[in-house]
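Content type mmCIF, C-alpha atoms, from the file data_7.cif:
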```cif
data_my_file
loop_
_atom_site.label_atom_id
_atom_site.label_comp_id
_atom_site.auth_asym_id
_atom_site.auth_seq_id
_atom_site.Cartn_x
_atom_site.Cartn_y
_atom_site.Cartn_z
CA MET A 1 -19.03 90.86 -49.29
CA ILE A 2 -19.94 87.76 -51.23
CA SER A 3 -22.84 86.90 -53.52
CA LEU A 4 -23.89 83.49 -54.81
CA GLU A 5 -26.15 83.47 -57.85
CA ARG A 6 -27.52 81.14 -60.51
CA THR A 7 -27.24 77.99 -58.41
CA SER A 8 -27.91 74.67 -60.15
CA VAL A 9 -27.90 71.23 -58.50
CA MET A 10 -27.49 68.36 -60.93
CA ASN A 11 -27.35 64.57 -61.19
CA LEU A 12 -29.26 63.72 -58.01
CA GLU A 13 -31.25 61.02 -59.80
CA ASN A 14 -28.19 59.27 -61.22
CA ALA A 15 -26.32 59.55 -57.92
CA MET A 16 -29.23 57.96 -56.07
CA ARG A 17 -29.51 55.14 -58.58
CA GLY A 18 -25.77 54.50 -58.22
CA ALA A 19 -26.15 54.38 -54.46
CA ARG A 20 -28.35 51.30 -54.95
CA ASN A 21 -25.88 49.47 -57.19
CA PRO A 22 -24.01 47.62 -54.41
CA MET A 23 -27.19 45.87 -53.23
CA ASN A 24 -28.98 45.68 -56.61
CA SER A 25 -31.90 47.38 -54.89
CA TRP A 26 -33.09 49.54 -57.80
CA ALA A 27 -36.62 48.16 -57.46
CA ARG A 28 -36.92 50.02 -54.15
CA MET A 29 -36.34 53.41 -55.77
CA ASP A 30 -39.35 55.63 -55.10
CA SER A 31 -38.13 59.10 -56.10
CA ALA A 32 -39.67 61.15 -58.92
CA TYR A 33 -39.68 64.55 -60.58
CA ASP A 34 -42.23 67.09 -59.40
CA GLU A 35 -44.24 69.47 -61.58
CA ASN A 36 -41.40 72.02 -61.49
CA GLY A 37 -38.81 69.53 -62.74
CA GLY A 38 -37.16 69.06 -59.36
CA PHE A 39 -36.07 65.58 -58.31
CA VAL A 40 -37.81 64.64 -55.05
CA LEU A 41 -36.44 61.79 -52.96
CA GLY A 42 -39.06 59.27 -51.87
CA PRO A 43 -39.09 57.76 -48.35
CA ASN A 44 -37.09 54.67 -49.33
CA ASP A 45 -34.39 56.62 -51.16
CA LEU A 46 -34.18 59.28 -48.46
CA ASP A 47 -33.76 56.63 -45.77
CA LEU A 48 -30.96 54.98 -47.75
CA ALA A 49 -29.27 58.32 -48.38
CA ARG A 50 -29.32 59.15 -44.67
CA ARG A 51 -27.90 55.75 -43.69
CA LEU A 52 -25.09 56.00 -46.22
CA ARG A 53 -24.32 59.54 -45.09
CA ARG A 54 -24.01 58.34 -41.49
CA ALA A 55 -21.77 55.45 -42.51
CA GLY A 56 -18.89 57.75 -43.48
CA SER A 57 -17.08 58.93 -46.59
CA ASP A 58 -16.32 55.42 -47.91
CA HIS A 59 -20.03 54.58 -48.02
CA ARG A 60 -21.43 57.93 -49.11
CA LYS A 61 -19.59 57.98 -52.43
CA PHE A 62 -22.86 58.80 -54.15
CA ILE A 63 -22.84 62.40 -52.86
CA ARG A 64 -19.64 62.99 -54.83
CA GLN A 65 -21.85 62.56 -57.89
CA ILE A 66 -24.27 65.34 -56.88
CA PHE A 67 -22.92 68.42 -58.63
CA VAL A 68 -23.48 72.10 -57.91
CA SER A 69 -22.80 75.03 -60.21
CA VAL A 70 -22.90 78.58 -58.87
CA ASP A 71 -21.66 82.04 -59.82
CA ILE A 72 -19.73 83.51 -56.89
CA THR A 73 -18.63 87.13 -56.63
CA ALA A 74 -16.18 87.64 -53.78
CA PRO A 75 -13.03 89.58 -52.90
CA LEU A 76 -9.63 88.23 -53.81
CA TYR A 77 -8.78 87.70 -50.13
CA TRP A 78 -11.68 85.22 -49.89
CA TRP A 79 -10.75 83.48 -53.13
CA LYS A 80 -7.26 82.82 -51.74
CA GLU A 81 -8.87 80.75 -48.98
CA TYR A 82 -11.37 79.08 -51.31
CA ASP A 83 -8.49 77.93 -53.52
CA THR A 84 -7.47 75.60 -50.70
CA TYR A 85 -10.20 73.29 -52.04
CA LYS A 86 -8.63 71.87 -55.18
CA VAL A 87 -10.27 68.42 -55.11
CA ALA A 88 -13.44 68.05 -57.20
CA THR A 89 -13.75 71.76 -57.89
CA VAL A 90 -13.61 73.68 -61.17
CA ALA A 91 -13.80 77.46 -61.62
CA ASN A 92 -13.75 79.86 -64.55
CA SER A 93 -13.06 83.41 -63.45
CA THR A 94 -13.35 86.86 -64.92
CA SER A 95 -9.84 87.92 -65.90
CA THR A 96 -7.86 90.61 -64.15
CA MET A 97 -4.89 90.00 -66.45
CA HIS A 98 -6.77 90.69 -69.70
CA ARG A 99 -9.76 92.81 -68.71
CA ILE A 100 -8.71 94.89 -65.71
CA HIS A 101 -8.56 98.01 -67.92
CA SER A 102 -11.82 97.39 -69.81
CA ARG A 103 -14.17 99.45 -67.63
CA PRO A 104 -13.91 102.28 -65.08
CA PHE A 105 -13.05 101.47 -61.48
CA SER A 106 -15.72 102.26 -58.92
CA LEU A 107 -15.98 101.80 -55.17
CA ASP A 108 -18.48 98.96 -55.67
CA ASP A 109 -15.77 96.90 -57.40
CA PHE A 110 -14.26 96.37 -53.95
CA SER A 111 -15.52 94.82 -50.71
CA HIS A 112 -15.69 97.64 -48.18
CA ASP A 113 -18.54 96.63 -45.86
CA HIS A 114 -16.27 96.51 -42.79
CA LEU A 115 -13.97 99.45 -43.48
CA THR A 116 -13.57 102.17 -40.88
CA GLY A 117 -13.84 105.82 -41.85
CA GLU A 118 -10.08 106.03 -42.32
CA GLY A 119 -10.03 102.79 -44.29
CA MET A 120 -12.80 104.04 -46.58
CA SER A 121 -10.88 107.24 -47.25
CA ILE A 122 -7.77 105.24 -48.19
CA LEU A 123 -9.78 102.99 -50.52
CA LYS A 124 -11.47 105.94 -52.21
CA ARG A 125 -8.09 107.52 -52.94
CA LEU A 126 -6.79 104.22 -54.27
CA VAL A 127 -9.81 103.76 -56.52
CA ASP A 128 -9.28 107.26 -57.89
CA ASP A 129 -5.60 106.52 -58.48
CA LEU A 130 -6.37 103.22 -60.21
CA GLU A 131 -8.87 104.93 -62.50
CA ARG A 132 -6.33 107.61 -63.36
CA ILE A 133 -3.74 104.94 -64.21
CA ARG A 134 -6.32 102.97 -66.21
CA LEU A 135 -7.13 106.01 -68.37
CA ARG A 136 -3.44 106.65 -68.87
CA TYR A 137 -2.91 103.05 -69.95
CA LEU A 138 -5.77 103.22 -72.45
CA GLU A 139 -4.11 106.23 -74.01
CA SER A 140 -0.50 105.09 -73.91
CA ARG A 141 -0.70 101.26 -73.76
CA ARG A 142 2.50 101.40 -71.77
CA ARG A 143 3.35 98.13 -70.07
CA GLU A 144 4.47 100.05 -66.99
CA ASP A 145 0.95 101.44 -66.50
CA TRP A 146 -0.57 97.98 -66.88
CA TYR A 147 1.79 96.65 -64.22
CA ASP A 148 0.77 99.50 -61.92
CA LEU A 149 -2.85 98.38 -62.24
CA ILE A 150 -2.05 94.73 -61.54
CA GLN A 151 0.36 95.28 -58.68
CA LEU A 152 -1.67 97.99 -56.93
CA LEU A 153 -4.95 96.10 -57.12
CA PRO A 154 -5.97 95.41 -53.49
CA SER A 155 -7.18 92.05 -52.22
CA SER A 156 -10.61 93.59 -51.61
CA TYR A 157 -11.22 93.63 -55.38
CA ASN A 158 -14.30 91.54 -56.21
CA GLN A 159 -13.97 88.79 -58.78
CA MET A 160 -16.71 86.60 -60.22
CA ARG A 161 -16.14 82.90 -60.89
CA THR A 162 -18.46 80.20 -62.14
CA CYS A 163 -17.73 77.27 -59.84
CA THR A 164 -18.59 73.59 -59.95
CA LEU A 165 -18.41 71.50 -56.78
CA ASN A 166 -19.97 68.34 -55.41
CA TYR A 167 -21.76 67.58 -52.16
CA GLU A 168 -18.78 65.77 -50.62
CA THR A 169 -16.60 68.83 -51.12
CA LEU A 170 -19.34 70.95 -49.57
CA VAL A 171 -19.35 68.69 -46.49
CA ASN A 172 -15.64 69.42 -46.04
CA ILE A 173 -16.07 73.15 -46.62
CA TYR A 174 -19.07 73.45 -44.31
CA TYR A 175 -17.43 71.89 -41.28
CA ALA A 176 -14.05 73.55 -41.87
CA ARG A 177 -15.36 77.09 -42.44
CA ARG A 178 -18.71 77.60 -40.71
CA ASN A 179 -17.05 79.23 -37.66
CA HIS A 180 -14.43 81.17 -39.61
CA LYS A 181 -13.76 84.81 -38.71
CA LEU A 182 -14.57 86.01 -42.25
CA GLU A 183 -18.26 86.74 -42.63
CA GLU A 184 -18.06 85.65 -46.27
CA TRP A 185 -17.65 82.07 -45.08
CA HIS A 186 -20.75 82.38 -42.90
CA THR A 187 -22.72 83.54 -45.93
CA PHE A 188 -21.28 80.69 -48.00
CA CYS A 189 -22.22 78.10 -45.37
CA GLY A 190 -25.69 79.64 -45.15
CA TRP A 191 -26.00 79.11 -48.91
CA ILE A 192 -24.96 75.46 -48.49
CA GLU A 193 -27.81 75.02 -46.02
CA THR A 194 -30.32 76.05 -48.72
CA LEU A 195 -29.30 73.37 -51.23
CA PRO A 196 -31.66 70.43 -51.89
CA TYR A 197 -31.38 67.84 -49.10
CA ALA A 198 -28.48 69.74 -47.55
CA GLN A 199 -29.69 68.89 -44.04
CA GLU A 200 -29.70 65.17 -44.79
CA LEU A 201 -26.71 64.83 -47.15
CA ILE A 202 -24.30 67.64 -46.28
CA ILE A 203 -24.86 68.95 -42.78
CA ALA A 204 -26.32 65.95 -40.92
CA ALA A 205 -25.17 65.73 -37.29
CA GLU A 206 -21.73 66.79 -36.12
CA ASP A 207 -20.76 63.26 -35.21
CA GLU A 208 -21.58 62.11 -38.75
CA THR A 209 -18.92 64.09 -40.57
#
```

Could I get this file's structure written as structure tokens?
Amino acid sequence: MISLERTSVMNLENAMRGARNPMNSWARMDSAYDENGGFVLGPNDLDLARRLRRAGSDHRKFIRQIFVSVDITAPLYWWKEYDTYKVATVANSTSTMHRIHSRPFSLDDFSHDHLTGEGMSILKRLVDDLERIRLRYLESRRREDWYDLIQLLPSSYNQMRTCTLNYETLVNIYYARRNHKLEEWHTFCGWIETLPYAQELIIAAEDET
């Protein structure tokens, strides 16, 4: 499973103004904020944005200045793949090292949407065992019990991170992961498609990547 919440897209106005710097064409800017505070690209700016997007990464530098913040909750096995993307990404995560013992374990702390009956039985036993060890650690504070929690924690454990990316990074992620075998990546790419001007600035046509 994966959930993406509290999405914010920032700096579109400044990025668009910067896109006009090379040709000193600021007078042609026709974008404005709507009544809800969203920045809406006018026809002139949208046409320029599309042309720069088609021209390739050297010319679409402005989309690196469009920032996205989002809270992502996903299993550790998905985060291992996400961590491939180190360029222009920042993430602050909830801590397993410091807070793994702070609340009871439950089945919903783990991604189990594709488990078989046997797999679910194994996970339930593991969750029960982890909770038993957690309670023992709270009582004893023995380092050995803490290590049992850390080293037995399965990769299906869900972790939340607040992530910051930019549109250029999302272009790379979208085309690298949209056909991945993990359904979490399909959900992530579906979220990308919902971002402001994603069709024009991120997805575009396949031959424009």

May I ask for the distance between atom CA of A:Thr169 and atom CA of A:Phe39, given in Å to one decimal place?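 Atom CA of A:Thr169 sits 21.0 Å away from atom CA of A:Phe39.
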
Using all atoms listed in the file, what does the table of stretch 47-131 of chain A residues within 12 Å of stretch 25-36 of chain A look like, with each row giving the shortest atom pair and its distance in Å to one decimal, sorted by chain and ascending number, as JSON lines?
```
{"residue": "A:Asp47", "atom": "CA", "partner": "A:Met29", "partner_atom": "CA", "distance": 10.8}
{"residue": "A:Leu48", "atom": "CA", "partner": "A:Met29", "partner_atom": "CA", "distance": 9.8}
{"residue": "A:Ala49", "atom": "CA", "partner": "A:Met29", "partner_atom": "CA", "distance": 11.3}
```

Quick one: residues within 10 Å of stretch 83-94 of chain A, all atoms listed in the file, excluding same-chain residues fewer than 3 positions away - as a ChimeraX atom specification? /A:64,67-73,78-80,97-100,158-170,172-173

Name the residues that the PyMOL selection byres ((chain A and resi 155) around 9) picks from the file above, as an NGL selection string, using the file's chain letters and numbers. :A and (75-78 or 110-111 or 153-154 or 156-158)

Pick from A:Asp58, A:Asp129, A:Ile66, A:Phe188 nearest to A:Val9, counting only C-alpha atoms: A:Ile66

Do you have the atom CA of A:Gly117-atom CA of A:Glu183 distance handy? 19.6 Å

What would the selection look like, as a ChimeraX atom specification, if the PyMOL selection byres ((chain A and resi 15) around 7) were run on the coordinates I just shared? /A:11-14,16-19,62-63,65-66

Residues in the PyMOL selection byres ((chain A and resi 137) around 12), expressed as JSON, numbers by chain: {"A": [100, 101, 102, 130, 131, 132, 133, 134, 135, 136, 138, 139, 140, 141, 142, 143, 144, 145, 146, 147, 148, 149, 150]}

Looking at A:Met1, A:Val127, A:Met120, A:Met10, which one is nearest to A:Gly38, with distances taken over only C-alpha atoms?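 Ranking A:Met1, A:Val127, A:Met120, A:Met10 by distance to A:Gly38, first place goes to A:Met10.
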
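The gap separating atom CA of A:Ser57 from atom CA of A:Pro22 is 15.4 Å, in Å to one decimal.
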
Residue contacts of A:Ile203 (12 Å, all atoms listed in the file) excluding same-chain residues fewer than 5 positions away, as a ChimeraX atom specification: /A:50,53-54,167-176,178,189-198,208-209

Please rebuild stretch 56-85 of chain A with N, CA and C atoms and return the result as a PDB file, keeping the file's coordinate frame.
```pdb
ATOM      1  N   GLY A  56     -20.218  57.204 -43.242  1.00  0.00           N
ATOM      2  CA  GLY A  56     -18.890  57.750 -43.480  1.00  0.00           C
ATOM      3  C   GLY A  56     -18.566  57.904 -44.957  1.00  0.00           C
ATOM      4  N   SER A  57     -17.417  58.538 -45.220  1.00  0.00           N
ATOM      5  CA  SER A  57     -17.080  58.930 -46.590  1.00  0.00           C
ATOM      6  C   SER A  57     -16.924  57.738 -47.523  1.00  0.00           C
ATOM      7  N   ASP A  58     -16.471  56.588 -47.030  1.00  0.00           N
ATOM      8  CA  ASP A  58     -16.320  55.420 -47.910  1.00  0.00           C
ATOM      9  C   ASP A  58     -17.656  54.919 -48.428  1.00  0.00           C
ATOM     10  N   HIS A  59     -18.712  55.110 -47.642  1.00  0.00           N
ATOM     11  CA  HIS A  59     -20.030  54.580 -48.020  1.00  0.00           C
ATOM     12  C   HIS A  59     -20.917  55.620 -48.690  1.00  0.00           C
ATOM     13  N   ARG A  60     -20.580  56.898 -48.518  1.00  0.00           N
ATOM     14  CA  ARG A  60     -21.430  57.930 -49.110  1.00  0.00           C
ATOM     15  C   ARG A  60     -20.851  58.452 -50.424  1.00  0.00           C
ATOM     16  N   LYS A  61     -20.203  57.570 -51.160  1.00  0.00           N
ATOM     17  CA  LYS A  61     -19.590  57.980 -52.430  1.00  0.00           C
ATOM     18  C   LYS A  61     -20.593  58.634 -53.353  1.00  0.00           C
ATOM     19  N   PHE A  62     -21.863  58.281 -53.223  1.00  0.00           N
ATOM     20  CA  PHE A  62     -22.860  58.800 -54.150  1.00  0.00           C
ATOM     21  C   PHE A  62     -22.993  60.314 -54.079  1.00  0.00           C
ATOM     22  N   ILE A  63     -22.681  60.941 -52.924  1.00  0.00           N
ATOM     23  CA  ILE A  63     -22.840  62.400 -52.860  1.00  0.00           C
ATOM     24  C   ILE A  63     -21.738  63.118 -53.626  1.00  0.00           C
ATOM     25  N   ARG A  64     -20.655  62.391 -53.960  1.00  0.00           N
ATOM     26  CA  ARG A  64     -19.640  62.990 -54.830  1.00  0.00           C
ATOM     27  C   ARG A  64     -20.165  63.149 -56.254  1.00  0.00           C
ATOM     28  N   GLN A  65     -21.263  62.481 -56.558  1.00  0.00           N
ATOM     29  CA  GLN A  65     -21.850  62.560 -57.890  1.00  0.00           C
ATOM     30  C   GLN A  65     -23.014  63.546 -57.957  1.00  0.00           C
ATOM     31  N   ILE A  66     -23.268  64.260 -56.878  1.00  0.00           N
ATOM     32  CA  ILE A  66     -24.270  65.340 -56.880  1.00  0.00           C
ATOM     33  C   ILE A  66     -23.497  66.640 -57.088  1.00  0.00           C
ATOM     34  N   PHE A  67     -23.720  67.273 -58.226  1.00  0.00           N
ATOM     35  CA  PHE A  67     -22.920  68.420 -58.630  1.00  0.00           C
ATOM     36  C   PHE A  67     -23.676  69.733 -58.424  1.00  0.00           C
ATOM     37  N   VAL A  68     -22.917  70.767 -58.106  1.00  0.00           N
ATOM     38  CA  VAL A  68     -23.480  72.100 -57.910  1.00  0.00           C
ATOM     39  C   VAL A  68     -22.697  73.092 -58.758  1.00  0.00           C
ATOM     40  N   SER A  69     -23.413  73.919 -59.487  1.00  0.00           N
ATOM     41  CA  SER A  69     -22.800  75.030 -60.210  1.00  0.00           C
ATOM     42  C   SER A  69     -23.349  76.329 -59.644  1.00  0.00           C
ATOM     43  N   VAL A  70     -22.468  77.314 -59.458  1.00  0.00           N
ATOM     44  CA  VAL A  70     -22.900  78.580 -58.870  1.00  0.00           C
ATOM     45  C   VAL A  70     -21.937  79.684 -59.316  1.00  0.00           C
ATOM     46  N   ASP A  71     -22.477  80.863 -59.544  1.00  0.00           N
ATOM     47  CA  ASP A  71     -21.660  82.040 -59.820  1.00  0.00           C
ATOM     48  C   ASP A  71     -21.393  82.759 -58.500  1.00  0.00           C
ATOM     49  N   ILE A  72     -20.112  82.873 -58.152  1.00  0.00           N
ATOM     50  CA  ILE A  72     -19.730  83.510 -56.890  1.00  0.00           C
ATOM     51  C   ILE A  72     -18.957  84.787 -57.191  1.00  0.00           C
ATOM     52  N   THR A  73     -19.388  85.879 -56.588  1.00  0.00           N
ATOM     53  CA  THR A  73     -18.630  87.130 -56.630  1.00  0.00           C
ATOM     54  C   THR A  73     -18.120  87.394 -55.232  1.00  0.00           C
ATOM     55  N   ALA A  74     -16.798  87.504 -55.102  1.00  0.00           N
ATOM     56  CA  ALA A  74     -16.180  87.640 -53.780  1.00  0.00           C
ATOM     57  C   ALA A  74     -14.835  88.334 -53.922  1.00  0.00           C
ATOM     58  N   PRO A  75     -14.333  88.913 -52.834  1.00  0.00           N
ATOM     59  CA  PRO A  75     -13.030  89.580 -52.900  1.00  0.00           C
ATOM     60  C   PRO A  75     -11.884  88.594 -53.043  1.00  0.00           C
ATOM     61  N   LEU A  76     -10.781  89.095 -53.579  1.00  0.00           N
ATOM     62  CA  LEU A  76      -9.630  88.230 -53.810  1.00  0.00           C
ATOM     63  C   LEU A  76      -9.126  87.597 -52.522  1.00  0.00           C
ATOM     64  N   TYR A  77      -9.251  88.304 -51.383  1.00  0.00           N
ATOM     65  CA  TYR A  77      -8.780  87.700 -50.130  1.00  0.00           C
ATOM     66  C   TYR A  77      -9.594  86.478 -49.762  1.00  0.00           C
ATOM     67  N   TRP A  78     -10.873  86.417 -50.137  1.00  0.00           N
ATOM     68  CA  TRP A  78     -11.680  85.220 -49.890  1.00  0.00           C
ATOM     69  C   TRP A  78     -11.318  84.119 -50.878  1.00  0.00           C
ATOM     70  N   TRP A  79     -11.101  84.506 -52.130  1.00  0.00           N
ATOM     71  CA  TRP A  79     -10.750  83.480 -53.130  1.00  0.00           C
ATOM     72  C   TRP A  79      -9.444  82.781 -52.780  1.00  0.00           C
ATOM     73  N   LYS A  80      -8.523  83.470 -52.141  1.00  0.00           N
ATOM     74  CA  LYS A  80      -7.260  82.820 -51.740  1.00  0.00           C
ATOM     75  C   LYS A  80      -7.537  81.669 -50.784  1.00  0.00           C
ATOM     76  N   GLU A  81      -8.518  81.834 -49.908  1.00  0.00           N
ATOM     77  CA  GLU A  81      -8.870  80.750 -48.980  1.00  0.00           C
ATOM     78  C   GLU A  81      -9.674  79.665 -49.692  1.00  0.00           C
ATOM     79  N   TYR A  82     -10.585  80.068 -50.560  1.00  0.00           N
ATOM     80  CA  TYR A  82     -11.370  79.080 -51.310  1.00  0.00           C
ATOM     81  C   TYR A  82     -10.468  78.172 -52.133  1.00  0.00           C
ATOM     82  N   ASP A  83      -9.381  78.715 -52.658  1.00  0.00           N
ATOM     83  CA  ASP A  83      -8.490  77.930 -53.520  1.00  0.00           C
ATOM     84  C   ASP A  83      -7.779  76.817 -52.780  1.00  0.00           C
ATOM     85  N   THR A  84      -7.948  76.759 -51.456  1.00  0.00           N
ATOM     86  CA  THR A  84      -7.470  75.600 -50.700  1.00  0.00           C
ATOM     87  C   THR A  84      -8.151  74.324 -51.197  1.00  0.00           C
ATOM     88  N   TYR A  85      -9.398  74.460 -51.658  1.00  0.00           N
ATOM     89  CA  TYR A  85     -10.200  73.290 -52.040  1.00  0.00           C
ATOM     90  C   TYR A  85      -9.999  73.005 -53.519  1.00  0.00           C
TER      91      TYR A  85
END
```
